[in-house]
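Structure data (TSV, C-alpha atoms) from entry_0.tsv:
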chain	number	residue	atom	x	y	z
F	145	MET	CA	120.01	83.46	58.61
F	146	MET	CA	116.93	85.56	58.00
F	147	ALA	CA	117.24	89.22	58.98
F	148	VAL	CA	114.43	91.37	60.34
F	149	ARG	CA	114.18	94.66	58.51
F	150	SER	CA	113.38	97.99	60.14
F	151	ARG	CA	109.79	99.03	59.57
F	152	ASP	CA	110.02	102.65	60.75
F	153	LYS	CA	107.42	104.43	58.58
F	154	ASN	CA	109.47	107.61	58.68
F	155	LEU	CA	112.38	105.97	56.81
F	156	PRO	CA	112.72	104.39	53.35
F	157	ASP	CA	112.60	100.61	53.15
F	158	PRO	CA	116.20	99.35	53.25
F	159	VAL	CA	115.86	96.54	50.70
F	160	ASP	CA	119.43	95.65	49.78
F	161	ASN	CA	121.58	97.79	52.07
F	162	PRO	CA	123.02	95.57	54.89
F	163	ASP	CA	123.91	98.68	56.90
F	164	THR	CA	120.22	99.34	57.49
F	165	VAL	CA	119.14	95.77	58.30
F	166	LEU	CA	118.70	94.99	62.00
F	167	PRO	CA	120.05	91.71	63.39
F	168	GLN	CA	117.46	89.01	63.85
F	169	GLY	CA	115.17	89.48	66.84
F	170	VAL	CA	116.42	92.98	67.73
F	171	ALA	CA	113.29	94.74	66.50
F	172	SER	CA	111.07	92.50	68.66
F	173	VAL	CA	113.22	93.11	71.74
F	174	LEU	CA	113.27	96.88	71.24
F	175	ALA	CA	109.48	96.92	70.91
F	176	VAL	CA	109.02	95.67	74.49
F	177	LEU	CA	111.80	97.59	76.22
F	178	PRO	CA	110.56	100.27	78.67
F	179	SER	CA	113.68	102.36	77.99
F	180	SER	CA	114.07	104.88	75.20
F	181	ALA	CA	115.80	102.81	72.50
F	182	VAL	CA	117.58	104.05	69.37
F	183	VAL	CA	119.49	102.11	66.72
F	184	LEU	CA	122.01	104.14	64.73
F	185	GLY	CA	123.44	103.08	61.37
F	186	ARG	CA	127.05	103.46	60.27
F	187	ASP	CA	126.32	106.98	59.00
F	188	ASP	CA	124.69	108.04	62.34
F	189	ARG	CA	121.25	107.89	60.76
F	190	VAL	CA	118.49	106.58	63.03
F	191	LEU	CA	117.33	103.20	61.78
F	192	ARG	CA	114.80	102.59	64.54
F	193	ALA	CA	113.61	104.58	67.53
F	194	SER	CA	111.06	103.75	70.20
F	195	SER	CA	108.09	106.03	70.77
F	196	ALA	CA	109.58	107.01	74.15
F	197	ALA	CA	112.77	108.23	72.47
F	198	ARG	CA	110.74	110.44	70.14
F	199	ALA	CA	108.46	111.65	72.94
F	200	PHE	CA	111.45	112.80	74.99
F	201	GLY	CA	112.85	114.64	71.97
F	202	LEU	CA	115.92	112.42	71.66
F	203	VAL	CA	115.06	111.65	68.04
F	204	LYS	CA	113.52	113.76	65.28
F	205	GLY	CA	113.01	112.18	61.89
F	206	ASP	CA	116.13	110.08	61.34
F	207	HIS	CA	118.44	112.26	63.45
F	208	LEU	CA	119.67	111.76	67.03
F	209	MET	CA	119.21	115.19	68.60
F	210	ALA	CA	121.48	114.84	71.65
F	211	ALA	CA	125.03	115.78	70.61
F	212	GLU	CA	126.45	114.14	73.74
F	213	LEU	CA	124.80	110.84	72.85
F	214	LEU	CA	125.95	111.05	69.24
F	215	ALA	CA	129.56	111.56	70.34
F	216	LEU	CA	129.29	108.59	72.69
F	217	ALA	CA	127.84	106.42	69.90
F	218	ARG	CA	130.76	107.30	67.61
F	219	GLN	CA	133.27	106.31	70.29
F	220	VAL	CA	131.53	102.96	70.73
F	221	ARG	CA	131.53	102.40	66.97
F	222	ARG	CA	135.28	103.10	66.80
F	223	ASP	CA	136.50	100.81	69.58
F	224	GLY	CA	133.55	98.44	70.12
F	225	GLU	CA	133.47	99.03	73.89
F	226	ILE	CA	130.19	99.40	75.78
F	227	ARG	CA	129.87	102.78	77.51
F	228	GLU	CA	127.59	104.12	80.21
F	229	SER	CA	126.89	107.72	81.12
F	230	GLU	CA	124.30	110.17	82.39
F	231	PHE	CA	123.04	113.35	80.80
F	232	GLU	CA	120.18	115.82	81.01
F	233	VAL	CA	117.74	117.04	78.39
F	234	ALA	CA	115.84	120.32	78.79
F	235	ARG	CA	112.31	120.33	77.42
F	236	HIS	CA	109.74	123.10	77.11
F	237	LYS	CA	106.65	121.42	78.52
F	238	PHE	CA	104.55	123.14	81.17
F	239	GLY	CA	107.52	125.45	81.58
F	240	MET	CA	111.13	124.32	81.44
F	241	GLU	CA	111.61	120.72	82.53
F	242	VAL	CA	114.87	118.84	82.83
F	243	THR	CA	114.87	115.08	82.27
F	244	THR	CA	117.81	113.04	83.57
F	245	PHE	CA	118.79	109.89	81.65
F	246	ALA	CA	121.05	106.97	82.49
F	247	VAL	CA	122.50	105.86	79.14
F	248	ARG	CA	124.06	102.63	77.94
F	249	VAL	CA	125.56	102.51	74.43
F	250	ALA	CA	126.71	99.26	72.80
F	251	PRO	CA	127.77	98.01	69.35
F	252	LEU	CA	125.09	96.09	67.46
F	253	GLY	CA	125.90	93.56	64.77
F	254	THR	CA	128.83	93.79	62.34
F	255	HIS	CA	127.80	96.69	60.11
F	256	GLY	CA	128.70	99.61	62.36
F	257	GLN	CA	125.30	99.84	63.99
F	258	VAL	CA	125.04	101.14	67.55
F	259	LEU	CA	122.31	100.60	70.14
F	260	VAL	CA	121.49	103.46	72.53
F	261	LEU	CA	119.35	102.77	75.60
F	262	ALA	CA	118.29	105.76	77.72
F	263	GLU	CA	116.46	105.23	81.02
F	264	ASP	CA	114.53	108.14	82.51
F	265	GLN	CA	115.94	108.69	86.00
F	266	THR	CA	114.13	111.94	86.80
F	267	GLU	CA	111.58	110.52	89.22
F	268	ARG	CA	114.15	108.32	90.96
F	269	ARG	CA	116.44	111.32	91.42
F	270	ARG	CA	113.56	113.37	92.79
F	271	VAL	CA	112.59	110.63	95.27
F	272	GLU	CA	116.19	110.27	96.39
F	273	ALA	CA	116.49	114.01	96.93
F	274	VAL	CA	113.25	114.05	98.94
F	275	ARG	CA	114.48	111.10	101.02
F	276	ARG	CA	117.82	112.77	101.73
F	277	ASP	CA	116.12	116.01	102.73
F	278	PHE	CA	113.66	114.11	104.90
F	279	VAL	CA	116.39	112.18	106.73
F	280	ALA	CA	118.41	115.36	107.23
F	281	ASN	CA	115.38	117.25	108.55
F	282	VAL	CA	114.33	114.43	110.87
F	283	SER	CA	117.86	114.19	112.25
F	284	HIS	CA	117.93	117.93	112.87
F	285	GLU	CA	114.50	118.00	114.49
F	286	LEU	CA	115.29	115.07	116.77
F	287	LYS	CA	118.62	116.51	117.89
F	288	THR	CA	116.98	119.58	119.43
F	289	PRO	CA	114.66	117.93	122.01
F	290	VAL	CA	117.07	115.05	122.65
F	291	GLY	CA	119.93	117.47	123.26
F	292	ALA	CA	117.74	119.63	125.47
F	293	LEU	CA	116.67	116.61	127.55
F	294	SER	CA	120.29	115.57	128.04
F	295	LEU	CA	121.32	119.06	129.09
F	296	LEU	CA	118.35	119.47	131.44
F	297	ALA	CA	119.06	116.11	133.06
F	298	GLU	CA	122.64	117.20	133.81
F	299	THR	CA	121.38	120.53	135.14
F	300	ILE	CA	118.91	118.82	137.49
F	301	GLN	CA	121.66	116.57	138.75
F	302	ASP	CA	123.83	119.60	139.55
F	303	ALA	CA	120.90	121.43	141.20
F	304	SER	CA	119.69	118.49	143.27
F	305	ASP	CA	119.86	120.56	146.47
F	306	ASP	CA	117.63	123.32	145.00
F	307	PRO	CA	113.99	122.09	144.91
F	308	VAL	CA	112.78	125.20	143.07
F	309	ALA	CA	115.33	124.78	140.30
F	310	VAL	CA	114.58	121.05	140.06
F	311	ASP	CA	110.86	121.77	139.62
F	312	ARG	CA	111.58	124.37	136.95
F	313	PHE	CA	113.94	122.15	134.97
F	314	ALA	CA	111.64	119.15	135.35
F	315	GLY	CA	108.89	121.20	133.76
F	316	ARG	CA	111.19	122.01	130.85
F	317	MET	CA	112.00	118.31	130.50
F	318	GLN	CA	108.32	117.48	130.31
F	319	HIS	CA	107.89	120.11	127.60
F	320	GLU	CA	110.77	118.71	125.51
F	321	ALA	CA	109.58	115.13	126.05
F	322	ALA	CA	106.10	116.11	124.85
F	323	ARG	CA	107.62	117.80	121.81
F	324	LEU	CA	109.60	114.65	121.02
F	325	THR	CA	106.45	112.54	121.41
F	326	TYR	CA	104.48	114.79	119.02
F	327	LEU	CA	107.29	114.60	116.46
F	328	VAL	CA	107.44	110.80	116.58
F	329	GLN	CA	103.64	110.53	116.36
F	330	ASP	CA	103.55	112.85	113.35
F	331	LEU	CA	106.34	110.89	111.66
F	332	ILE	CA	104.42	107.65	112.17
F	333	THR	CA	101.21	109.20	110.79
F	334	LEU	CA	103.04	110.64	107.80
F	335	SER	CA	104.75	107.34	107.02
F	336	ARG	CA	101.34	105.65	106.90
F	337	ILE	CA	99.85	107.99	104.33
F	338	GLN	CA	102.64	109.63	102.35
F	339	GLY	CA	102.60	106.95	99.63
F	340	GLY	CA	99.63	108.69	98.03
F	341	GLU	CA	97.67	105.45	97.97
F	342	PRO	CA	93.89	105.60	98.49
F	343	ILE	CA	92.32	104.63	101.80
F	344	PRO	CA	92.07	100.79	101.77
F	345	THR	CA	88.60	100.52	103.36
F	346	PRO	CA	86.82	103.88	103.14
F	347	GLY	CA	83.42	104.26	104.72
F	348	CYS	CA	80.73	106.81	105.34
F	349	VAL	CA	82.05	109.50	107.69
F	350	PRO	CA	79.68	112.11	109.20
F	351	VAL	CA	81.44	115.47	108.87
F	352	ASP	CA	79.77	116.84	112.01
F	353	GLU	CA	81.37	114.12	114.13
F	354	VAL	CA	84.82	114.79	112.63
F	355	VAL	CA	84.48	118.53	113.29
F	356	HIS	CA	83.32	118.13	116.87
F	357	GLU	CA	86.00	115.54	117.69
F	358	ALA	CA	88.77	117.71	116.21
F	359	ILE	CA	87.54	120.78	118.11
F	360	ASP	CA	87.33	118.76	121.32
F	361	ARG	CA	90.99	117.71	120.98
F	362	CYS	CA	92.07	121.34	120.52
F	363	ASN	CA	89.95	122.93	123.25
F	364	THR	CA	92.64	122.91	125.92
F	365	LYS	CA	95.18	124.81	123.77
F	366	ALA	CA	92.53	127.25	122.61
F	367	ALA	CA	91.27	127.90	126.14
F	368	ALA	CA	94.79	128.74	127.30
F	369	LYS	CA	94.79	131.65	124.82
F	370	GLU	CA	91.08	132.43	125.30
F	371	ILE	CA	90.41	131.59	121.66
F	372	ALA	CA	86.87	130.49	120.85
F	373	LEU	CA	86.49	127.43	118.62
F	374	VAL	CA	83.23	127.73	116.68
F	375	ALA	CA	81.57	125.06	114.49
F	376	GLY	CA	79.30	126.30	111.71
F	377	GLY	CA	78.06	125.70	108.19
F	378	THR	CA	75.80	122.95	106.90
F	379	GLU	CA	75.07	120.03	109.21
F	380	GLY	CA	74.43	116.44	108.20
F	381	LEU	CA	77.06	116.21	105.43
F	382	ARG	CA	78.89	112.95	104.86
F	383	VAL	CA	82.13	112.02	103.05
F	384	TRP	CA	83.99	108.90	101.99
F	385	GLY	CA	87.03	108.14	104.06
F	386	ASP	CA	88.69	107.17	107.30
F	387	ASP	CA	87.29	109.05	110.28
F	388	GLU	CA	90.47	108.97	112.39
F	389	LEU	CA	92.67	110.30	109.58
F	390	LEU	CA	90.17	113.07	108.86
F	391	VAL	CA	90.07	114.03	112.53
F	392	THR	CA	93.89	114.11	112.54
F	393	ALA	CA	93.98	116.38	109.47
F	394	LEU	CA	91.35	118.77	110.85
F	395	ARG	CA	92.99	118.81	114.28
F	396	ASN	CA	96.27	119.87	112.67
F	397	LEU	CA	94.54	122.73	110.86
F	398	ILE	CA	92.84	123.91	114.08
F	399	ASP	CA	96.07	123.56	116.07
F	400	ASN	CA	97.86	125.75	113.53
F	401	ALA	CA	95.08	128.31	113.60
F	402	VAL	CA	95.28	128.50	117.40
F	403	ALA	CA	99.09	128.65	117.44
F	404	TYR	CA	99.25	131.57	115.00
F	405	SER	CA	96.29	133.57	116.33
F	406	PRO	CA	96.40	136.28	119.00
F	407	GLU	CA	94.52	135.88	122.26
F	408	ASN	CA	90.81	136.66	122.52
F	409	THR	CA	90.07	135.81	118.88
F	410	ARG	CA	88.12	132.96	117.36
F	411	VAL	CA	88.65	130.07	114.96
F	412	VAL	CA	85.68	128.98	112.83
F	413	VAL	CA	85.34	125.46	111.46
F	414	SER	CA	82.59	125.17	108.86
F	415	ALA	CA	81.36	122.66	106.28
F	416	ARG	CA	79.36	123.18	103.12
F	417	PRO	CA	78.24	121.09	100.14
F	418	ALA	CA	80.04	121.69	96.83
F	419	GLY	CA	78.57	119.41	94.16
F	420	ASP	CA	80.26	116.02	94.43
F	421	THR	CA	82.54	117.22	97.24
F	422	VAL	CA	82.24	118.56	100.75
F	423	GLU	CA	84.35	121.57	101.76
F	424	VAL	CA	85.53	121.80	105.35
F	425	SER	CA	87.19	125.14	106.14
F	426	VAL	CA	89.19	126.41	109.12
F	427	SER	CA	89.37	130.20	109.35
F	428	ASP	CA	91.35	132.23	111.86
F	429	GLN	CA	92.10	135.85	112.68
F	430	GLY	CA	95.83	135.26	112.96
F	431	ILE	CA	99.00	136.75	111.54
F	432	GLY	CA	98.48	135.36	108.02
F	433	ILE	CA	100.97	133.78	105.63
F	434	PRO	CA	103.19	135.72	103.20
F	435	GLU	CA	102.22	135.08	99.58
F	436	SER	CA	105.78	133.97	98.81
F	437	SER	CA	105.46	131.12	101.33
F	438	GLN	CA	101.99	129.85	100.49
F	439	GLU	CA	103.17	127.41	97.82
F	440	ARG	CA	105.60	125.74	100.24
F	441	ILE	CA	103.63	125.51	103.45
F	442	PHE	CA	102.54	121.92	102.77
F	443	GLU	CA	106.15	120.72	102.50
F	444	ARG	CA	107.49	118.60	105.34
F	445	PHE	CA	109.34	120.66	107.96
F	446	PHE	CA	108.75	123.94	106.13
F	447	ARG	CA	108.03	126.74	108.57
F	448	VAL	CA	107.06	130.32	107.74
F	449	ASP	CA	108.33	131.41	111.16
F	450	ALA	CA	110.67	128.70	112.47
F	451	ALA	CA	111.29	130.35	115.83
F	452	ARG	CA	107.59	130.83	116.54
F	453	SER	CA	106.74	127.30	115.38
F	454	ARG	CA	109.27	125.73	117.73
F	455	ALA	CA	108.16	127.99	120.57
F	456	THR	CA	104.58	126.73	120.15
F	457	GLY	CA	105.71	123.10	120.00
F	458	GLY	CA	105.11	122.66	116.27
F	459	THR	CA	106.84	119.78	114.49
F	460	GLY	CA	106.69	121.24	110.98
F	461	LEU	CA	104.78	118.17	109.78
F	462	GLY	CA	101.17	119.16	110.46
F	463	LEU	CA	100.31	120.67	107.08
F	464	ALA	CA	102.19	117.90	105.25
F	465	ILE	CA	99.97	115.41	107.06
F	466	VAL	CA	96.88	117.40	106.05
F	467	LYS	CA	97.96	117.37	102.41
F	468	HIS	CA	98.64	113.63	102.34
F	469	VAL	CA	95.37	112.83	104.11
F	470	ALA	CA	93.51	114.89	101.51
F	471	VAL	CA	95.32	113.14	98.63
F	472	ALA	CA	94.73	109.71	100.16
F	473	HIS	CA	91.00	110.50	100.20
F	474	GLY	CA	91.01	111.63	96.57
F	475	GLY	CA	90.61	115.25	97.67
F	476	GLU	CA	92.76	118.34	98.04
F	477	VAL	CA	93.59	121.16	100.42
F	478	ASN	CA	94.25	124.80	99.61
F	479	VAL	CA	94.79	128.03	101.46
F	480	TRP	CA	93.74	131.66	101.29
F	481	SER	CA	95.71	134.02	103.45
F	482	LYS	CA	96.60	137.67	103.83
F	483	GLU	CA	99.19	138.97	106.22
F	484	GLY	CA	97.55	140.63	109.19
F	485	SER	CA	94.09	139.36	108.22
F	486	GLY	CA	94.22	135.66	108.99
F	487	SER	CA	94.05	132.46	106.94
F	488	THR	CA	91.47	129.99	105.68
F	489	PHE	CA	92.43	126.40	104.92
F	490	THR	CA	89.88	124.35	102.97
F	491	LEU	CA	89.71	120.58	102.71
F	492	ARG	CA	87.76	119.30	99.69
F	493	LEU	CA	86.68	115.67	100.12
F	494	PRO	CA	84.57	113.32	97.96
F	495	ALA	CA	80.98	113.29	99.15
F	496	PHE	CA	79.45	110.01	100.26
F	497	GLY	CA	77.13	108.74	97.52
F	498	GLY	CA	78.67	111.02	94.90
F	499	THR	CA	76.66	114.11	95.82
F	500	ALA	CA	76.96	116.34	98.86
F	501	ILE	CA	73.56	116.08	100.55
F	502	ALA	CA	72.75	117.06	104.13
F	503	VAL	CA	71.21	114.13	106.00
F	504	PRO	CA	69.61	114.77	109.43
F	505	SER	CA	71.33	112.80	112.16
F	506	THR	CA	69.45	110.02	113.97
F	507	THR	CA	69.70	111.93	117.25
F	508	ASN	CA	68.12	115.06	115.80
F	509	SER	CA	65.37	113.03	114.18
F	510	LEU	CA	64.47	111.32	117.49
F	511	GLU	CA	64.44	114.66	119.31
F	512	ALA	CA	62.17	116.12	116.64
F	513	ALA	CA	59.78	113.15	116.96
F	514	LYS	CA	59.43	113.73	120.69
Please express what this file holds, its structure, as structure tokens.
Amino acid sequence: MMAVRSRDKNLPDPVDNPDTVLPQGVASVLAVLPSSAVVLGRDDRVLRASSAARAFGLVKGDHLMAAELLALARQVRRDGEIRESEFEVARHKFGMEVTTFAVRVAPLGTHGQVLVLAEDQTERRRVEAVRRDFVANVSHELKTPVGALSLLAETIQDASDDPVAVDRFAGRMQHEAARLTYLVQDLITLSRIQGGEPIPTPGCVPVDEVVHEAIDRCNTKAAAKEIALVAGGTEGLRVWGDDELLVTALRNLIDNAVAYSPENTRVVVSARPAGDTVEVSVSDQGIGIPESSQERIFERFFRVDAARSRATGGTGLGLAIVKHVAVAHGGEVNVWSKEGSGSTFTLRLPAFGGTAIAVPSTTNSLEAAK
């Protein structure tokens, strides 16, 4: 039977030593495996290692660098039993990173060789952790309005002979029901866009229309606090995207600005060209965001001031929706804020046609012609 020899350029050619000859077909199989693959000889020397194994730092030269893996390989060589385990490797890359591997170690051939397969589980672990946190947060957020509705319903039943109390508690029930509705709507919106996939059928979206529609949807809340919503900046700009999603993102930014601003102030929504992007900013004169919280404000359910957010009816999902809408459009969102001086959130979106150019609207052109 013809044997396939290892061709690792970093190692000498094993001409007559059977300990360094790989069984037939093994080299071809290892070449196509997505896992980090390492073949160890009887003396623990690396006979073959995939590029992934070297990239992760599991192998250097002809040495297996993970002591835990080496110990596992020796156990397998002694008793011939396949073993599975998990371990972590710390790497200095863009700061300290920890990579989690699921490992399977098995005997290979009859010359004391051992095959080590290591599958990177880091992203799967991260996704699972995010999913668990999301489920826990959703459960917690739903319990509050549902519990309040149940309690208020019992209270109304007990106070059925007191019309004033019934009216008061009915109003509270409407408030909690509205809060529950907003939460469900935000969850549905987030589930549509959180995959990070691009918009399936993007089109030309006039920024002026998005701004005016978003402001119109927030006027009632703003009027209740006597906050002026002002549109400014460059008119006639256009972006690639989905108009309804962009209105939703901008509405969330304006809603936040109104919720965290004192009465008799103003919120300014402005657009300006920025090369191949269009920047749409929402600026307020509110309480501002602590610097320590600014990196986390786009996380789902993260609240700088949880008590105030719940009091204003916030779901904790608004800024997460904004972030995912921006990503889905190939753009980004960032924030500038100073406590006591207000905040400015800026959406950067790809310009329609590749360059941000102001185009007069048809309505304005007709009015000018008259």
Quiz prompt | Point (85.9, 117.5, 98.5) neighbourhood (12 Å, only C-alpha atoms) written as a VMD selection string | solution = chain F and resid 351 381 to 385 415 to 425 469 to 478 490 to 496 498 to 500
Practice problem: May I have the protein, DNA and RNA residues with any atom at most 12 Å from the point (102.3, 141.0, 96.6), counting all atoms listed in the file, written as a VMD selection string? | Solution: chain F and resid 433 to 438 481 to 483
Limited to C-alpha atoms, could you put the picked residues into a file as a PDB file, in the frame of the given file?
ATOM      1  CA  ILE F 433     100.970 133.780 105.630  1.00  0.00           C
ATOM      2  CA  PRO F 434     103.190 135.720 103.200  1.00  0.00           C
ATOM      3  CA  GLU F 435     102.220 135.080  99.580  1.00  0.00           C
ATOM      4  CA  SER F 436     105.780 133.970  98.810  1.00  0.00           C
ATOM      5  CA  SER F 437     105.460 131.120 101.330  1.00  0.00           C
ATOM      6  CA  GLN F 438     101.990 129.850 100.490  1.00  0.00           C
ATOM      7  CA  SER F 481      95.710 134.020 103.450  1.00  0.00           C
ATOM      8  CA  LYS F 482      96.600 137.670 103.830  1.00  0.00           C
ATOM      9  CA  GLU F 483      99.190 138.970 106.220  1.00  0.00           C
TER      10      GLU F 483
END
Self-check item: Distance query region 360-364 of chain F at most 7 Å, only C-alpha atoms, self and fewer than 6 positions along chain excluded, as a list in words
Solution: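 Returned residues: Arg395, Ile398 and Asp399 of chain F.
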Exercise. Would you work out the distance separating CA of Ala181 (chain F) from CA of Leu202 (chain F), expressed in Å to one decimal?
Key: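 Interatomic distance here is 9.6 Å.
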Exercise. One decimal, Å: what's the distance from CA of Ala366 (chain F) over to CA of Gly486 (chain F), could you say?
Key: 16.1 Å
Exercise. Measure the distance from CA of Gln219 (chain F) to CA of Glu267 (chain F) in Å and round it to one decimal.
Key: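 These two atoms are separated by 29.1 Å.
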Self-check item: 7 Å contact set for region 220-228 of chain F, only C-alpha atoms, chain neighbours under 5 positions out, as a PyMOL selection string
Solution: chain F and resi 247-251+256+258
Which region 217-307 of chain F residues have any atom within 8 Å of an atom of region 311-333 of chain F, and for each, what is the nearest pair of atoms with distance in Å to one decimal, counting all atoms listed in the file, rows sorted by chain and number, as a Markdown table?
| residue | atom | partner | partner_atom | distance |
| --- | --- | --- | --- | --- |
| F:Leu286 | CA | F:Leu324 | CA | 7.1 |
| F:Pro289 | CA | F:Glu320 | CA | 5.3 |
| F:Val290 | CA | F:Leu324 | CA | 7.7 |
| F:Ala292 | CA | F:Glu320 | CA | 7.0 |
| F:Leu293 | CA | F:Met317 | CA | 5.8 |
| F:Leu296 | CA | F:Phe313 | CA | 6.3 |
| F:Ala297 | CA | F:Met317 | CA | 7.8 |
| F:Thr299 | CA | F:Phe313 | CA | 7.6 |
| F:Ile300 | CA | F:Phe313 | CA | 6.5 |
| F:Pro307 | CA | F:Asp311 | CA | 6.2 |
Quiz item: Can you list, as a ChimeraX atom specification, every protein, DNA or RNA residue that comes within 12 Å of Ala175 (chain F) when you count only C-alpha atoms, leaving out same-chain residues fewer than 2 positions away?
Solution: /F:150-152,169-173,177-182,192-197
